[in-house]
Each structure stands twice: as C-alpha cells, then as structure tokens.
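Listing of final.cif, mmCIF, C-alpha atoms
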data_final
loop_
_atom_site.label_atom_id
_atom_site.label_comp_id
_atom_site.auth_asym_id
_atom_site.auth_seq_id
_atom_site.Cartn_x
_atom_site.Cartn_y
_atom_site.Cartn_z
CA ILE A 1 109.72 83.01 78.74
CA ARG A 2 108.99 86.68 79.42
CA ARG A 3 105.26 86.16 78.79
CA THR A 4 105.19 83.17 81.15
CA LEU A 5 106.85 85.23 83.90
CA GLN A 6 104.37 88.08 83.40
CA ASP A 7 101.45 85.65 83.52
CA LYS A 8 102.78 84.14 86.74
CA GLN A 9 103.20 87.59 88.31
CA HIS A 10 99.67 88.55 87.23
CA ARG A 11 98.25 85.38 88.79
CA HIS A 12 100.07 86.10 92.06
CA ARG A 13 98.88 89.73 92.11
CA LEU A 14 95.28 88.67 91.47
CA ARG A 15 95.46 85.99 94.18
CA ASP A 16 97.08 88.47 96.59
CA ALA A 17 94.36 91.07 95.92
CA ALA A 18 91.71 88.43 96.66
CA ILE A 19 93.51 87.47 99.88
CA ILE A 20 93.74 91.08 101.09
CA ALA A 21 90.12 91.80 100.16
CA THR A 22 89.00 88.69 102.05
CA PHE A 23 91.08 89.58 105.13
CA PHE A 24 89.74 93.13 105.31
CA ALA A 25 86.11 92.35 104.46
CA SER A 26 85.75 89.29 106.70
CA GLY A 27 87.93 89.76 109.76
CA LEU A 28 89.30 86.23 109.46
CA ARG A 29 92.36 85.15 111.39
CA LYS A 30 95.42 84.30 109.31
CA MET A 31 95.16 80.53 109.70
CA GLU A 32 91.39 80.57 109.21
CA LEU A 33 91.95 82.18 105.82
CA ALA A 34 94.83 79.83 104.99
CA ARG A 35 92.61 76.77 105.59
CA LEU A 36 89.63 77.93 103.50
CA THR A 37 88.52 75.58 100.77
CA VAL A 38 86.47 76.31 97.67
CA ALA A 39 83.47 74.63 99.34
CA ASP A 40 83.65 77.08 102.28
CA PHE A 41 82.97 80.05 99.99
CA ASP A 42 79.47 80.79 98.65
CA LEU A 43 79.69 83.49 95.96
CA THR A 44 75.93 83.87 95.56
CA ALA A 45 75.22 84.40 99.26
CA ARG A 46 78.52 86.28 99.83
CA GLU A 47 79.30 83.98 102.76
CA ILE A 48 82.25 82.03 104.07
CA ARG A 49 81.76 79.02 106.33
CA VAL A 50 84.70 78.85 108.75
CA GLU A 51 84.95 75.28 109.97
CA LYS A 52 88.51 75.23 111.30
CA ALA A 53 88.47 78.16 113.70
CA LYS A 54 90.78 79.03 116.58
CA ASN A 55 88.11 78.46 119.19
CA ARG A 56 87.15 75.09 117.67
CA TYR A 57 83.66 76.13 116.65
CA GLY A 58 82.55 77.14 113.20
CA ARG A 59 80.95 80.39 112.22
CA LEU A 60 79.47 82.08 109.20
CA ILE A 61 81.23 85.16 107.85
CA PHE A 62 79.76 87.63 105.39
CA LEU A 63 81.71 89.38 102.66
CA THR A 64 81.14 92.79 101.17
CA PRO A 65 79.99 92.95 97.53
CA TRP A 66 83.34 94.40 96.38
CA ALA A 67 85.38 91.69 98.14
CA THR A 68 83.11 89.02 96.67
CA LYS A 69 83.75 90.45 93.19
CA VAL A 70 87.52 90.33 93.71
CA VAL A 71 87.41 86.70 94.88
CA ALA A 72 84.99 85.74 92.09
CA HIS A 73 87.33 87.32 89.52
CA TYR A 74 90.25 85.41 91.03
CA LEU A 75 88.34 82.13 90.85
CA GLU A 76 87.07 82.80 87.33
CA CYS A 77 90.32 83.99 85.76
CA GLU A 78 93.03 82.20 87.65
CA ARG A 79 91.34 79.08 88.86
CA GLU A 80 89.32 78.44 85.67
CA GLY A 81 86.04 78.20 87.51
CA THR A 82 85.50 77.31 91.13
CA GLY A 83 87.90 74.36 91.37
CA GLN A 84 87.41 71.20 93.41
CA PRO A 85 85.32 71.64 96.60
CA ASN A 86 88.06 70.26 98.87
CA GLN A 87 90.78 72.31 97.20
CA ALA A 88 92.27 75.29 99.01
CA LEU A 89 90.61 78.58 98.02
CA PHE A 90 93.92 80.43 97.78
CA LEU A 91 96.58 78.26 96.20
CA PRO A 92 100.28 78.61 96.86
CA GLY A 93 102.79 78.00 94.09
CA GLY A 94 103.26 74.32 94.92
CA GLY A 95 99.66 73.28 95.68
CA GLY A 96 97.98 72.52 99.00
CA HIS A 97 97.11 75.33 101.41
CA LEU A 98 98.96 78.60 101.92
CA SER A 99 101.04 78.73 105.07
CA GLY A 100 100.86 81.48 107.65
CA THR A 101 104.33 82.58 106.52
CA SER A 102 103.14 82.85 102.91
CA LEU A 103 100.21 85.01 103.98
CA THR A 104 102.53 87.24 106.00
CA LYS A 105 104.66 87.74 102.88
CA VAL A 106 101.58 88.63 100.82
CA ILE A 107 100.61 91.34 103.33
CA ARG A 108 104.17 92.68 103.63
CA ARG A 109 104.53 92.94 99.85
CA ALA A 110 101.20 94.68 99.42
CA PHE A 111 101.78 97.26 102.13
CA ALA A 112 105.54 97.76 101.70
CA PRO A 113 105.06 101.20 100.06
CA ILE A 114 103.55 102.51 103.31
CA LYS A 115 106.62 103.69 105.17
CA GLY A 116 106.66 103.82 108.94
CA LYS A 117 103.71 101.43 109.38
CA ARG A 118 103.92 97.75 110.20
CA ILE A 119 100.87 96.23 108.55
CA VAL A 120 100.27 92.54 109.25
CA ALA A 121 97.29 90.23 108.71
CA HIS A 122 96.00 91.03 112.18
CA SER A 123 96.01 94.74 111.25
CA LEU A 124 93.37 93.98 108.62
CA ARG A 125 91.34 92.03 111.19
CA HIS A 126 91.59 95.01 113.52
CA ALA A 127 90.47 97.36 110.72
CA PHE A 128 87.48 95.07 110.05
CA CYS A 129 86.37 95.23 113.69
CA LEU A 130 86.87 99.00 113.89
CA SER A 131 84.85 99.47 110.70
CA LEU A 132 81.99 97.50 112.24
CA LEU A 133 82.18 99.55 115.43
CA ARG A 134 82.23 102.84 113.52
CA GLY A 135 79.31 101.57 111.45
CA GLY A 136 77.24 101.22 114.62
CA ALA A 137 77.62 97.50 115.36
CA SER A 138 77.38 96.44 118.98
CA ILE A 139 80.29 94.79 120.77
CA ARG A 140 78.30 91.56 120.85
CA VAL A 141 77.89 91.55 117.05
CA ILE A 142 81.58 92.30 116.55
CA ALA A 143 82.54 89.50 118.95
CA GLU A 144 80.37 87.03 117.03
CA LEU A 145 81.71 88.02 113.61
CA ALA A 146 85.30 88.04 114.84
CA GLY A 147 84.90 84.64 116.51
CA HIS A 148 85.73 85.84 120.00
CA ARG A 149 84.55 83.64 122.85
CA ARG A 150 84.73 86.42 125.41
CA LEU A 151 83.59 90.02 125.11
CA ALA A 152 86.79 91.03 126.88
CA SER A 153 88.69 90.04 123.73
CA THR A 154 86.51 92.39 121.71
CA SER A 155 86.72 95.29 124.14
CA VAL A 156 90.13 96.26 122.74
CA TYR A 157 88.26 97.69 119.74
CA THR A 158 86.17 100.03 121.87
CA ARG A 159 89.00 102.51 122.29
CA LEU A 160 87.64 105.28 120.11
CA SER A 161 89.45 108.32 118.84
CA LEU A 162 88.48 111.79 119.95
CA GLU A 163 86.97 112.32 116.49
CA ASP A 164 84.78 109.21 116.90
CA LEU A 165 83.62 110.36 120.33
CA ARG A 166 82.78 113.81 118.96
CA LYS A 167 80.69 112.33 116.11
CA ILE A 168 78.77 110.08 118.52
CA HIS A 169 78.15 112.94 120.91
CA THR A 170 76.97 115.25 118.11
CA LYS A 171 74.64 112.56 116.73
CA ALA A 172 73.14 111.87 120.17
CA PHE A 173 72.47 115.55 120.99
CA ARG A 174 71.15 116.97 117.70
#
Using structure tokens, write down the structure that the file contains.
Amino acid sequence: IRRTLQDKQHRHRLRDAAIIATFFASGLRKMELARLTVADFDLTAREIRVEKAKNRYGRLIFLTPWATKVVAHYLECEREGTGQPNQALFLPGGGGHLSGTSLTKVIRRAFAPIKGKRIVAHSLRHAFCLSLLRGGASIRVIAELAGHRRLASTSVYTRLSLEDLRKIHTKAFR
C-alpha cells in the first residue's frame, strides 16, 4: 500500500511539474491549458496548437527546450507513451480534462513555500510575457503569442522596472 501511495504521489508531482513548465514556457491561459489534448502537442517541433482559445481563434504556441523535456518525460513515464490523440494532455485523477479549480490547486501547492506572495496561473502567464519583453520582443509579438486581440491588453506588460529602464538606456547609448 505504501509503495502504491508513493507511486501515485510521484505521478502527481511529475504531472504538476509538466503543468507548471507548460504554463511558464507558453503563456497559456488556465482553461487553454486544461483543454489541451495529446494531439495539440508536437514534441518534435516544440509546438502547441491551441484550438479552444478565449478569443475563439486558434494559435500556435512554442515551448522552450527545457519545458518540452519536462512534458516529454511526463508523457513517457506516466502516460506510457503519448496516449490517445483526443485524450487530455494532463490527466486528472478521474479521467477527462483537468478543471480550472484543479489547476489552481496545482499552482497553490507548488508555490506554497513562497510566503507573502500569491502566485496563481495568471502569474505564470504574466511572467511569460515579461520574459519576452525583457528578451527584446515587441509588443505586437507578445500580443500574438499571448492571444490578445487588442494591443491595449498587452500594454500592461510594458510597465518596466527602473532596473529594466536603466539597462535599455545603457544599451542604447554605449
């Protein structure tokens, strides 16, 4: 019984790590991630096809190499291969798709040790967009990858810290 419980906990931790890696490396919305199927994910190309998006139009999302490795390991070890194409990518305990509430619990559990910070799924989406901005991506690129219809939705990420402004200024006037 103890071994079975440990195996179950390991499977949940591996799935949760794959979920968090996907959130951070893709900028997906919570329900976009919850609705992903095995067929939406292309390991070789490191791409995710988002068909059921908030704005009712699909988009292609790219994953980092490290996030792809985490998801590939999850699929290989815990899903015994890639699974059925129509099957949910991240399985809950009872089958079907994960709910938004389940994903919220995954994030809360993972970031619980960080005291004084309220980390939610949208925090990881925000971190994704800020990473793109700090990496030199234009607002238009960020809007496209985040699935924003309007640039005004993306403009919230343009609030840079004083440190960011200093780096940009220094780079421009070398």
A:Leu36, A:Leu43, A:Ile61, A:Ala67: which is nearest Ala143 of chain A, counting all atoms listed in the file?
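Among A:Leu36, A:Leu43, A:Ile61, A:Ala67, it is A:Ile61 that comes nearest to Ala143 of chain A.
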Residue IDs satisfying the PyMOL selection byres ((chain A and resi 25) around 10), as a VMD selection string
chain A and resid 19 to 24 26 to 28 61 to 68 124 to 125 127 to 129 131
Could you save those same residues with C-alpha atoms as an mmCIF file, in the coordinates of the input?
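File written: again26.cif
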data_model
loop_
_atom_site.group_PDB
_atom_site.id
_atom_site.type_symbol
_atom_site.label_atom_id
_atom_site.label_comp_id
_atom_site.auth_asym_id
_atom_site.auth_seq_id
_atom_site.Cartn_x
_atom_site.Cartn_y
_atom_site.Cartn_z
ATOM 1 C CA ILE A 19 93.510 87.470 99.880
ATOM 2 C CA ILE A 20 93.740 91.080 101.090
ATOM 3 C CA ALA A 21 90.120 91.800 100.160
ATOM 4 C CA THR A 22 89.000 88.690 102.050
ATOM 5 C CA PHE A 23 91.080 89.580 105.130
ATOM 6 C CA PHE A 24 89.740 93.130 105.310
ATOM 7 C CA SER A 26 85.750 89.290 106.700
ATOM 8 C CA GLY A 27 87.930 89.760 109.760
ATOM 9 C CA LEU A 28 89.300 86.230 109.460
ATOM 10 C CA ILE A 61 81.230 85.160 107.850
ATOM 11 C CA PHE A 62 79.760 87.630 105.390
ATOM 12 C CA LEU A 63 81.710 89.380 102.660
ATOM 13 C CA THR A 64 81.140 92.790 101.170
ATOM 14 C CA PRO A 65 79.990 92.950 97.530
ATOM 15 C CA TRP A 66 83.340 94.400 96.380
ATOM 16 C CA ALA A 67 85.380 91.690 98.140
ATOM 17 C CA THR A 68 83.110 89.020 96.670
ATOM 18 C CA LEU A 124 93.370 93.980 108.620
ATOM 19 C CA ARG A 125 91.340 92.030 111.190
ATOM 20 C CA ALA A 127 90.470 97.360 110.720
ATOM 21 C CA PHE A 128 87.480 95.070 110.050
ATOM 22 C CA CYS A 129 86.370 95.230 113.690
ATOM 23 C CA SER A 131 84.850 99.470 110.700
#
I'd like the interatomic distance between atom CA of Arg13 of chain A and atom CA of Arg46 of chain A, to a tenth of an Å.
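Between atom CA of Arg13 of chain A and atom CA of Arg46 of chain A the gap is 22.0 Å.
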Smallest atom-to-atom distance to Arg15 of chain A: which of A:Ile119, A:Leu151, A:Leu133, A:Leu75, using all atoms listed in the file?
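Among the listed residues, the smallest separation from Arg15 of chain A belongs to A:Leu75.
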Could you expand the PyMOL selection byres ((chain A and resi 154) around 9) into the explicit residues it covers here, written as a VMD selection string?
chain A and resid 129 139 to 140 142 to 143 146 148 150 to 153 155 to 158
Please expand the PyMOL selection byres ((chain A and resi 90) around 9) into the concrete residues it hits in this file, giving the result as a PDB file with C-alpha atoms, keeping the file's coordinate frame.
ATOM      1  CA  ARG A  15      95.460  85.990  94.180  1.00  0.00           C
ATOM      2  CA  ASP A  16      97.080  88.470  96.590  1.00  0.00           C
ATOM      3  CA  ALA A  18      91.710  88.430  96.660  1.00  0.00           C
ATOM      4  CA  ILE A  19      93.510  87.470  99.880  1.00  0.00           C
ATOM      5  CA  LEU A  33      91.950  82.180 105.820  1.00  0.00           C
ATOM      6  CA  ALA A  34      94.830  79.830 104.990  1.00  0.00           C
ATOM      7  CA  ARG A  35      92.610  76.770 105.590  1.00  0.00           C
ATOM      8  CA  LEU A  36      89.630  77.930 103.500  1.00  0.00           C
ATOM      9  CA  THR A  37      88.520  75.580 100.770  1.00  0.00           C
ATOM     10  CA  VAL A  38      86.470  76.310  97.670  1.00  0.00           C
ATOM     11  CA  GLN A  87      90.780  72.310  97.200  1.00  0.00           C
ATOM     12  CA  ALA A  88      92.270  75.290  99.010  1.00  0.00           C
ATOM     13  CA  LEU A  89      90.610  78.580  98.020  1.00  0.00           C
ATOM     14  CA  LEU A  91      96.580  78.260  96.200  1.00  0.00           C
ATOM     15  CA  PRO A  92     100.280  78.610  96.860  1.00  0.00           C
ATOM     16  CA  GLY A  96      97.980  72.520  99.000  1.00  0.00           C
ATOM     17  CA  HIS A  97      97.110  75.330 101.410  1.00  0.00           C
ATOM     18  CA  LEU A  98      98.960  78.600 101.920  1.00  0.00           C
TER      19      LEU A  98
END
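Atom CA of Val141 of chain A lies 16.8 Å from atom CA of Arg29 of chain A.
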Please compute the atom CA of Pro113 of chain A-atom CA of Thr101 of chain A distance, one decimal, in Å.
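One can read the atom CA of Pro113 of chain A to atom CA of Thr101 of chain A distance as 19.7 Å.
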Could you check the closest approach to Asn86 of chain A for each of A:Ala17, A:Ala172, A:Leu132, A:Ala39 and tell me which residue wins, using all atoms listed in the file?
A:Ala39
Kindly indicate which residue among A:Arg108, A:Leu165, A:Ala45, A:Arg59 lies nearest to Glu144 of chain A, using only C-alpha atoms for the distances.
A:Arg59
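Nearest-residue note for Asp164 of chain A: choosing from A:His126, A:Arg149, A:Arg134, A:His10, the minimum distance belongs to A:Arg134, counting all atoms listed in the file.
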